[in-house]
file query37.csv (CSV, C-alpha atoms)
chain,number,residue,atom,x,y,z
A,96,MET,CA,73.1,41.1,338.8
A,97,LYS,CA,76.7,42.4,338.5
A,98,LEU,CA,77.7,39.3,336.5
A,99,ARG,CA,74.7,39.8,334.2
A,100,SER,CA,75.6,43.5,333.8
A,101,ILE,CA,79.2,42.6,332.9
A,102,ALA,CA,78.0,40.0,330.4
A,103,LEU,CA,75.6,42.5,328.8
A,104,VAL,CA,78.3,45.1,328.5
A,105,ALA,CA,80.7,42.5,327.1
A,106,SER,CA,78.2,41.4,324.5
A,107,LEU,CA,77.4,45.0,323.5
A,108,LEU,CA,81.1,45.8,323.1
A,109,ALA,CA,81.6,42.7,321.0
A,110,ALA,CA,78.6,43.6,318.8
A,111,GLY,CA,80.1,47.1,318.4
A,112,PHE,CA,83.4,45.7,317.5
A,113,CYS,CA,81.9,43.5,314.8
A,114,GLN,CA,79.9,46.4,313.3
A,115,ALA,CA,83.1,48.5,313.2
A,116,GLU,CA,85.1,45.8,311.4
A,117,GLU,CA,86.3,47.1,308.1
A,118,VAL,CA,84.7,45.4,305.1
A,119,LEU,CA,85.5,46.0,301.4
A,120,ARG,CA,82.3,45.5,299.5
A,121,VAL,CA,82.9,44.2,296.0
A,122,SER,CA,80.5,43.5,293.1
A,123,ALA,CA,80.6,42.8,289.4
A,124,ILE,CA,78.4,43.2,286.4
A,125,PRO,CA,76.5,39.9,286.0
A,126,ASP,CA,77.8,39.0,282.5
A,127,GLU,CA,77.9,35.3,283.4
A,128,SER,CA,75.8,33.0,285.6
A,129,PRO,CA,75.8,33.8,289.4
A,130,THR,CA,77.6,30.5,290.2
A,131,GLU,CA,80.4,31.3,287.7
A,132,LEU,CA,80.8,34.8,289.0
A,133,GLN,CA,81.2,33.5,292.5
A,134,ARG,CA,83.7,30.8,291.4
A,135,LYS,CA,85.8,33.4,289.6
A,136,PHE,CA,85.7,35.8,292.6
A,137,SER,CA,86.4,33.4,295.5
A,138,PRO,CA,90.2,33.1,295.1
A,139,LEU,CA,90.6,36.8,294.3
A,140,GLY,CA,88.6,37.7,297.4
A,141,LYS,CA,90.8,35.6,299.6
A,142,TYR,CA,93.9,37.2,298.0
A,143,LEU,CA,92.6,40.7,298.5
A,144,GLU,CA,91.8,39.9,302.2
A,145,ALA,CA,95.3,38.9,302.8
A,146,GLU,CA,96.8,41.9,301.0
A,147,LEU,CA,94.5,44.5,302.6
A,148,GLY,CA,94.2,43.0,306.1
A,149,MET,CA,90.4,43.4,306.0
A,150,LYS,CA,87.3,41.4,305.2
A,151,VAL,CA,86.3,41.3,301.5
A,152,GLN,CA,82.6,40.7,300.8
A,153,PHE,CA,81.2,39.9,297.4
A,154,VAL,CA,77.8,41.6,296.8
A,155,PRO,CA,75.9,39.9,293.9
A,156,VAL,CA,73.5,42.1,291.9
A,157,THR,CA,70.6,41.2,289.5
A,158,ASP,CA,71.6,43.3,286.5
A,159,TYR,CA,74.2,45.7,285.1
A,160,ALA,CA,72.3,48.8,286.1
A,161,ALA,CA,72.3,47.6,289.8
A,162,VAL,CA,76.1,47.8,289.9
A,163,VAL,CA,76.1,51.4,288.6
A,164,GLU,CA,73.4,52.3,291.2
A,165,ALA,CA,75.3,50.5,294.0
A,166,LEU,CA,78.5,52.5,293.3
A,167,ALA,CA,76.6,55.8,293.0
A,168,GLY,CA,74.8,55.0,296.3
A,169,LYS,CA,78.1,54.0,298.1
A,170,ARG,CA,76.7,50.5,298.8
A,171,ILE,CA,79.8,48.9,297.2
A,172,ASP,CA,83.4,50.1,297.2
A,173,LEU,CA,84.9,48.2,294.2
A,174,ALA,CA,83.3,46.9,291.1
A,175,TRP,CA,84.2,44.9,288.0
A,176,LEU,CA,82.8,46.9,285.2
A,177,GLY,CA,82.6,46.7,281.4
A,178,GLY,CA,83.7,49.8,279.4
A,179,PHE,CA,80.1,50.9,278.9
A,180,THR,CA,79.1,50.4,282.5
A,181,PHE,CA,82.2,52.4,283.5
A,182,VAL,CA,81.0,55.2,281.3
A,183,GLN,CA,77.5,55.1,282.8
A,184,ALA,CA,79.0,55.0,286.4
A,185,ASN,CA,81.3,57.9,285.6
A,186,LYS,CA,78.3,60.0,284.5
A,187,ARG,CA,76.4,59.1,287.7
A,188,GLY,CA,79.1,60.0,290.3
A,189,LYS,CA,82.7,60.1,291.2
A,190,VAL,CA,84.4,56.9,290.3
A,191,THR,CA,88.0,56.0,289.5
A,192,PRO,CA,89.1,53.2,287.2
A,193,LEU,CA,91.9,51.4,289.0
A,194,VAL,CA,93.3,48.6,286.9
A,195,GLN,CA,92.4,46.5,283.8
A,196,ARG,CA,93.7,43.3,282.5
A,197,GLU,CA,96.3,43.7,279.9
A,198,GLU,CA,93.9,41.9,277.5
A,199,ASP,CA,91.3,44.7,278.0
A,200,ALA,CA,93.4,47.2,276.1
A,201,HIS,CA,92.6,45.2,272.9
A,202,PHE,CA,89.4,43.4,273.6
A,203,THR,CA,87.0,42.0,270.9
A,204,SER,CA,83.5,40.6,270.5
A,205,LYS,CA,82.7,37.4,268.6
A,206,PHE,CA,79.7,36.9,266.4
A,207,ILE,CA,78.5,33.3,266.4
A,208,THR,CA,76.0,31.1,264.5
A,209,ALA,CA,75.0,27.5,264.0
A,210,ARG,CA,73.7,28.2,260.5
A,211,SER,CA,75.7,27.5,257.3
A,212,ASP,CA,74.2,30.5,255.4
A,213,ILE,CA,75.6,33.1,257.8
A,214,ASN,CA,79.2,34.1,257.0
A,215,SER,CA,79.3,37.9,257.3
A,216,LEU,CA,77.5,40.7,259.0
A,217,ASN,CA,75.5,41.3,255.8
A,218,ASP,CA,74.1,37.8,256.1
A,219,LEU,CA,72.4,38.8,259.3
A,220,LYS,CA,69.7,40.7,257.4
A,221,GLY,CA,66.4,38.9,257.9
A,222,LYS,CA,67.7,36.7,260.6
A,223,THR,CA,67.0,36.5,264.3
A,224,PHE,CA,69.8,37.8,266.6
A,225,ALA,CA,70.7,38.0,270.3
A,226,PHE,CA,72.8,40.6,272.1
A,227,GLY,CA,73.8,40.0,275.8
A,228,SER,CA,72.7,42.6,278.3
A,229,ALA,CA,71.6,46.0,276.9
A,230,SER,CA,74.4,47.6,279.1
A,231,SER,CA,77.1,45.2,277.9
A,232,THR,CA,80.1,46.7,276.1
A,233,SER,CA,81.2,43.5,274.3
A,234,GLY,CA,77.7,41.9,274.2
A,235,HIS,CA,75.8,44.8,272.9
A,236,LEU,CA,77.3,48.3,272.5
A,237,MET,CA,80.3,47.5,270.4
A,238,PRO,CA,78.6,44.7,268.3
A,239,ARG,CA,75.8,47.1,267.6
A,240,TYR,CA,78.3,49.9,266.7
A,241,PHE,CA,80.2,47.7,264.2
A,242,ILE,CA,77.0,46.4,262.7
A,243,GLU,CA,75.8,49.9,262.1
A,244,GLN,CA,79.1,50.8,260.6
A,245,LYS,CA,78.3,48.3,257.9
A,246,GLY,CA,75.1,50.2,257.2
A,247,ILE,CA,72.9,47.6,258.9
A,248,ASP,CA,70.2,48.7,261.4
A,249,PRO,CA,69.6,45.9,263.9
A,250,ASP,CA,66.2,47.3,264.8
A,251,LYS,CA,65.0,47.3,261.2
A,252,ASP,CA,67.1,44.8,259.2
A,253,PHE,CA,66.9,41.8,261.5
A,254,LYS,CA,63.9,39.4,261.7
A,255,GLY,CA,62.0,41.0,264.5
A,256,LEU,CA,63.8,43.1,267.1
A,257,PRO,CA,67.1,41.9,268.5
A,258,ALA,CA,66.7,39.7,271.6
A,259,TYR,CA,68.7,40.3,274.8
A,260,SER,CA,69.9,37.1,276.6
A,261,GLY,CA,71.3,38.9,279.6
A,262,THR,CA,74.6,37.1,279.8
A,263,HIS,CA,77.3,36.0,277.4
A,264,ASP,CA,77.0,32.3,278.2
A,265,ALA,CA,73.2,32.5,277.7
A,266,THR,CA,73.8,34.0,274.2
A,267,VAL,CA,75.8,30.9,273.3
A,268,ALA,CA,73.1,28.6,274.6
A,269,TRP,CA,70.5,30.5,272.6
A,270,VAL,CA,72.5,30.2,269.4
A,271,ALA,CA,73.3,26.5,270.0
A,272,SER,CA,69.7,25.6,270.6
A,273,GLY,CA,68.4,27.5,267.6
A,274,LYS,CA,66.4,30.0,269.6
A,275,VAL,CA,68.2,32.7,267.5
A,276,ASP,CA,70.1,32.5,264.3
A,277,ALA,CA,73.1,34.4,265.5
A,278,GLY,CA,74.5,36.4,268.5
A,279,ALA,CA,77.4,38.4,269.8
A,280,LEU,CA,79.4,37.9,273.0
A,281,ASN,CA,82.8,38.8,274.4
A,282,ALA,CA,85.8,36.9,273.1
A,283,SER,CA,87.1,35.9,276.6
A,284,VAL,CA,83.9,34.1,277.5
A,285,TRP,CA,83.7,32.4,274.1
A,286,ASP,CA,87.3,31.1,274.5
A,287,LYS,CA,86.6,29.9,278.0
A,288,LEU,CA,83.4,28.0,277.0
A,289,VAL,CA,85.3,26.3,274.1
A,290,GLU,CA,88.2,25.4,276.5
A,291,MET,CA,85.8,24.0,279.0
A,292,LYS,CA,84.0,22.0,276.2
A,293,LYS,CA,80.7,23.7,277.0
A,294,VAL,CA,80.2,24.6,273.4
A,295,ASP,CA,81.1,22.6,270.3
A,296,PRO,CA,82.8,24.9,267.8
A,297,SER,CA,82.1,22.5,265.0
A,298,LYS,CA,78.4,23.2,265.5
A,299,VAL,CA,78.5,26.8,266.8
A,300,ARG,CA,81.1,28.8,265.1
A,301,VAL,CA,82.6,32.3,265.0
A,302,PHE,CA,81.9,34.1,261.7
A,303,TYR,CA,83.1,37.6,262.6
A,304,THR,CA,85.4,39.2,265.1
A,305,THR,CA,85.2,42.9,265.8
A,306,PRO,CA,88.2,45.3,265.7
A,307,PRO,CA,89.7,45.8,269.2
A,308,PHE,CA,88.5,48.2,271.8
A,309,PHE,CA,89.0,49.0,275.5
A,310,ASP,CA,86.7,47.0,277.8
A,311,TYR,CA,86.7,45.8,281.4
A,312,ASN,CA,88.2,47.4,284.5
A,313,TRP,CA,88.1,47.4,288.3
A,314,THR,CA,86.7,50.7,289.4
A,315,ILE,CA,86.5,52.2,292.9
A,316,ARG,CA,84.4,54.9,294.5
A,317,SER,CA,86.6,58.1,294.3
A,318,ASP,CA,86.0,58.8,298.0
A,319,LEU,CA,87.3,55.4,299.1
A,320,ASP,CA,90.0,55.7,301.7
A,321,ALA,CA,93.2,56.7,299.9
A,322,GLY,CA,95.3,54.1,301.8
A,323,THR,CA,92.9,51.3,300.9
A,324,ALA,CA,92.8,52.4,297.3
A,325,ALA,CA,96.6,52.4,297.0
A,326,LYS,CA,96.8,48.9,298.6
A,327,LEU,CA,94.1,47.6,296.2
A,328,LYS,CA,95.9,48.9,293.2
A,329,ALA,CA,99.3,47.5,294.4
A,330,ALA,CA,97.6,44.1,295.1
A,331,PHE,CA,96.3,43.8,291.6
A,332,LEU,CA,99.5,45.0,290.0
A,333,LYS,CA,101.5,42.5,292.1
A,334,LEU,CA,99.7,39.5,290.7
A,335,ASP,CA,102.2,37.4,288.8
A,336,ALA,CA,101.4,34.3,286.7
A,337,LYS,CA,104.9,32.9,287.6
A,338,ASN,CA,103.9,32.9,291.3
A,339,PRO,CA,102.0,29.6,292.0
A,340,ALA,CA,99.9,31.4,294.7
A,341,HIS,CA,98.7,34.0,292.1
A,342,LYS,CA,98.2,31.6,289.1
A,343,GLU,CA,94.6,30.5,290.0
A,344,VAL,CA,93.5,34.1,290.6
A,345,LEU,CA,94.8,35.2,287.2
A,346,GLU,CA,93.5,32.2,285.4
A,347,LEU,CA,90.0,32.6,286.7
A,348,GLN,CA,90.1,36.3,285.9
A,349,ARG,CA,91.4,35.3,282.4
A,350,ALA,CA,94.2,37.7,282.8
A,351,SER,CA,97.9,37.5,282.0
A,352,ARG,CA,98.4,40.4,284.3
A,353,PHE,CA,96.8,43.6,285.5
A,354,ILE,CA,97.9,47.1,284.4
A,355,PRO,CA,97.0,50.6,285.4
A,356,THR,CA,94.1,52.3,283.6
A,357,SER,CA,92.5,55.7,283.3
A,358,ALA,CA,89.1,57.2,282.4
A,359,GLU,CA,90.7,58.5,279.2
A,360,ASN,CA,90.9,54.9,277.9
A,361,TYR,CA,87.1,54.8,277.7
A,362,LYS,CA,86.4,58.0,275.8
A,363,ALA,CA,86.1,56.0,272.5
A,364,ILE,CA,83.5,53.7,274.2
A,365,GLU,CA,81.5,56.8,275.3
A,366,GLU,CA,81.6,58.2,271.7
A,367,SER,CA,80.5,54.8,270.3
A,368,ALA,CA,77.6,54.8,272.7
A,369,LYS,CA,76.6,58.3,271.5
A,370,LYS,CA,76.7,57.3,267.9
A,371,VAL,CA,74.3,54.3,268.4
A,372,ASP,CA,72.1,56.5,270.7
A,373,LEU,CA,72.6,54.5,273.9
A,374,ILE,CA,73.6,57.6,275.8
A,375,LYS,CA,73.3,61.4,275.1

call {"tool": "encode", "arguments": {"input": "query37.csv", "output": "structure tokens"}}
result
Amino acid sequence: MKLRSIALVASLLAAGFCQAEEVLRVSAIPDESPTELQRKFSPLGKYLEAELGMKVQFVPVTDYAAVVEALAGKRIDLAWLGGFTFVQANKRGKVTPLVQREEDAHFTSKFITARSDINSLNDLKGKTFAFGSASSTSGHLMPRYFIEQKGIDPDKDFKGLPAYSGTHDATVAWVASGKVDAGALNASVWDKLVEMKKVDPSKVRVFYTTPPFFDYNWTIRSDLDAGTAAKLKAAFLKLDAKNPAHKEVLELQRASRFIPTSAENYKAIEESAKKVDLIK
């Protein structure tokens, strides 16, 4: 009986220890396929585990809104957000943008088509069109904003209402297959798909590139332990493309390096969202 009691106590202590183990829960807006998101995150997750000395767990979500809800509900600690989802998350609760890629300070969207008669935004009138997710900065908000700046109303001037593919790679697939006449997606995903030969730029081509804007960042819950937050920020800023151990992480994140960011950088995104009636 004593041996059984000792074994039971030992197992309960072990279970308690496992439950008490610190875990950093990380998620990302699903702007690409789930398998691609996992592929991109895996080396970063291992790097962060080594830098933080704690387990790092990736928490997949079904849509953009789910990331915002998870941050607000404290079900995740760190999230890869677009500029617009950061604005939405910032309105929901206390969040802090930690770092962004250097490229995110001057991000762009690409408008693509497989049709020879579409060469400008004005040519989109009377054509079918796809955005990415409704909550995407580079796949919806900013493309819509720049379209409207040209005096075009996507909800009235396109053939039917705009479609929403859900992800940037799906937008490319829809345009390539002829499901829609044109679409908009983020420049980074477009470049990656071309490099990986997953799209033929002689058949699907870019006909318009937007002016630059601030986009993606890594955001934490503002009440995250200050020591963990400081270590996280230092880990991202330490990544160096000249370091072979860091190279794969940066390449998969499509980043030359990470730099500090602030909520102030996303004020223009918020104003753009107000102008196209996506937020009040």

call {"tool": "residues_around", "arguments": {"input": "query37.csv", "residues": "range 288-305 of chain A", "least_positions_apart": "4", "cutoff": "7 Å", "atoms": "all atoms listed in the file", "output": "list in words"}}
result
Thr203, Ser204, Lys205, Phe206, Ile207, Thr208, Ala209, Asn214, Ser215, Ala271 and Val284 of chain A

call {"tool": "residues_around", "arguments": {"input": "query37.csv", "residues": "Tyr142 in chain A", "least_positions_apart": "5", "cutoff": "9 Å", "atoms": "only C-alpha atoms", "output": "PDB file with C-alpha atoms, in the coordinates of the input"}}
result
ATOM      1  CA  SER A 137      86.400  33.400 295.500  1.00  0.00           C
ATOM      2  CA  LEU A 147      94.500  44.500 302.600  1.00  0.00           C
ATOM      3  CA  ALA A 330      97.600  44.100 295.100  1.00  0.00           C
ATOM      4  CA  ALA A 340      99.900  31.400 294.700  1.00  0.00           C
ATOM      5  CA  HIS A 341      98.700  34.000 292.100  1.00  0.00           C
ATOM      6  CA  VAL A 344      93.500  34.100 290.600  1.00  0.00           C
TER       7      VAL A 344
END

call {"tool": "closest_atom_pairs", "arguments": {"input": "query37.csv", "of": "range 246-355 of chain A", "to": "range 223-235 of chain A", "cutoff": "12 Å", "atoms": "only C-alpha atoms", "output": "JSON lines"}}
result
{"residue": "A:Pro249", "atom": "CA", "partner": "A:Phe224", "partner_atom": "CA", "distance": 8.5}
{"residue": "A:Asp250", "atom": "CA", "partner": "A:Phe224", "partner_atom": "CA", "distance": 10.3}
{"residue": "A:Lys251", "atom": "CA", "partner": "A:Thr223", "partner_atom": "CA", "distance": 11.4}
{"residue": "A:Asp252", "atom": "CA", "partner": "A:Thr223", "partner_atom": "CA", "distance": 9.7}
{"residue": "A:Phe253", "atom": "CA", "partner": "A:Thr223", "partner_atom": "CA", "distance": 6.0}
{"residue": "A:Lys254", "atom": "CA", "partner": "A:Thr223", "partner_atom": "CA", "distance": 5.0}
{"residue": "A:Gly255", "atom": "CA", "partner": "A:Thr223", "partner_atom": "CA", "distance": 6.7}
{"residue": "A:Leu256", "atom": "CA", "partner": "A:Thr223", "partner_atom": "CA", "distance": 7.9}
{"residue": "A:Pro257", "atom": "CA", "partner": "A:Phe224", "partner_atom": "CA", "distance": 5.3}
{"residue": "A:Ala258", "atom": "CA", "partner": "A:Ala225", "partner_atom": "CA", "distance": 4.5}
{"residue": "A:Tyr259", "atom": "CA", "partner": "A:Phe226", "partner_atom": "CA", "distance": 4.9}
{"residue": "A:Ser260", "atom": "CA", "partner": "A:Gly227", "partner_atom": "CA", "distance": 4.9}
{"residue": "A:Gly261", "atom": "CA", "partner": "A:Ser228", "partner_atom": "CA", "distance": 4.2}
{"residue": "A:Thr262", "atom": "CA", "partner": "A:Gly227", "partner_atom": "CA", "distance": 5.0}
{"residue": "A:His263", "atom": "CA", "partner": "A:Gly227", "partner_atom": "CA", "distance": 5.6}
{"residue": "A:Asp264", "atom": "CA", "partner": "A:Gly227", "partner_atom": "CA", "distance": 8.7}
{"residue": "A:Ala265", "atom": "CA", "partner": "A:Gly227", "partner_atom": "CA", "distance": 7.8}
{"residue": "A:Thr266", "atom": "CA", "partner": "A:Gly227", "partner_atom": "CA", "distance": 6.2}
{"residue": "A:Val267", "atom": "CA", "partner": "A:Ala225", "partner_atom": "CA", "distance": 9.2}
{"residue": "A:Ala268", "atom": "CA", "partner": "A:Ala225", "partner_atom": "CA", "distance": 10.6}
{"residue": "A:Trp269", "atom": "CA", "partner": "A:Ala225", "partner_atom": "CA", "distance": 7.8}
{"residue": "A:Val270", "atom": "CA", "partner": "A:Ala225", "partner_atom": "CA", "distance": 8.1}
{"residue": "A:Ala271", "atom": "CA", "partner": "A:Ala225", "partner_atom": "CA", "distance": 11.8}
{"residue": "A:Gly273", "atom": "CA", "partner": "A:Thr223", "partner_atom": "CA", "distance": 9.7}
{"residue": "A:Lys274", "atom": "CA", "partner": "A:Thr223", "partner_atom": "CA", "distance": 8.4}
{"residue": "A:Val275", "atom": "CA", "partner": "A:Thr223", "partner_atom": "CA", "distance": 5.1}
{"residue": "A:Asp276", "atom": "CA", "partner": "A:Thr223", "partner_atom": "CA", "distance": 5.1}
{"residue": "A:Ala277", "atom": "CA", "partner": "A:Phe224", "partner_atom": "CA", "distance": 4.9}
{"residue": "A:Gly278", "atom": "CA", "partner": "A:Ala225", "partner_atom": "CA", "distance": 4.5}
{"residue": "A:Ala279", "atom": "CA", "partner": "A:Phe226", "partner_atom": "CA", "distance": 5.6}
{"residue": "A:Leu280", "atom": "CA", "partner": "A:Gly234", "partner_atom": "CA", "distance": 4.5}
{"residue": "A:Asn281", "atom": "CA", "partner": "A:Ser233", "partner_atom": "CA", "distance": 5.0}
{"residue": "A:Ala282", "atom": "CA", "partner": "A:Ser233", "partner_atom": "CA", "distance": 8.1}
{"residue": "A:Ser283", "atom": "CA", "partner": "A:Ser233", "partner_atom": "CA", "distance": 9.9}
{"residue": "A:Val284", "atom": "CA", "partner": "A:Ser233", "partner_atom": "CA", "distance": 10.3}
{"residue": "A:Trp285", "atom": "CA", "partner": "A:Gly234", "partner_atom": "CA", "distance": 11.2}
{"residue": "A:Thr304", "atom": "CA", "partner": "A:Ser233", "partner_atom": "CA", "distance": 11.0}
{"residue": "A:Thr305", "atom": "CA", "partner": "A:Ser233", "partner_atom": "CA", "distance": 9.4}
{"residue": "A:Pro306", "atom": "CA", "partner": "A:Ser233", "partner_atom": "CA", "distance": 11.2}
{"residue": "A:Pro307", "atom": "CA", "partner": "A:Ser233", "partner_atom": "CA", "distance": 10.2}
{"residue": "A:Phe308", "atom": "CA", "partner": "A:Ser233", "partner_atom": "CA", "distance": 9.0}
{"residue": "A:Phe309", "atom": "CA", "partner": "A:Thr232", "partner_atom": "CA", "distance": 9.2}
{"residue": "A:Asp310", "atom": "CA", "partner": "A:Thr232", "partner_atom": "CA", "distance": 6.8}
{"residue": "A:Tyr311", "atom": "CA", "partner": "A:Thr232", "partner_atom": "CA", "distance": 8.5}
{"residue": "A:Asn312", "atom": "CA", "partner": "A:Thr232", "partner_atom": "CA", "distance": 11.7}

call {"tool": "closest_residue", "arguments": {"input": "query37.csv", "among": "A:Pro238, A:Thr314, A:Glu146, A:Ile374", "to": "Ser122 in chain A", "atoms": "only C-alpha atoms"}}
result
A:Thr314

call {"tool": "atom_distance", "arguments": {"input": "query37.csv", "atom1": "CA of Ser317 in chain A", "atom2": "CA of Lys189 in chain A"}}
result
5.4 Å

call {"tool": "closest_residue", "arguments": {"input": "query37.csv", "among": "A:Ile213, A:Lys333, A:Val162, A:Lys220", "to": "Ser351 in chain A", "atoms": "only C-alpha atoms"}}
result
A:Lys333

call {"tool": "residues_around", "arguments": {"input": "query37.csv", "residues": "range 154-161 of chain A", "least_positions_apart": "6", "cutoff": "12 Å", "atoms": "all atoms listed in the file", "output": "VMD selection string"}}
result
chain A and resid 118 to 133 136 to 137 140 167 to 184 187 227 to 232 260 to 262

call {"tool": "atom_distance", "arguments": {"input": "query37.csv", "atom1": "CA of Pro355 in chain A", "atom2": "CA of Lys342 in chain A"}}
result
19.4 Å

call {"tool": "atom_distance", "arguments": {"input": "query37.csv", "atom1": "CA of Ala368 in chain A", "atom2": "CA of Lys287 in chain A"}}
result
27.0 Å
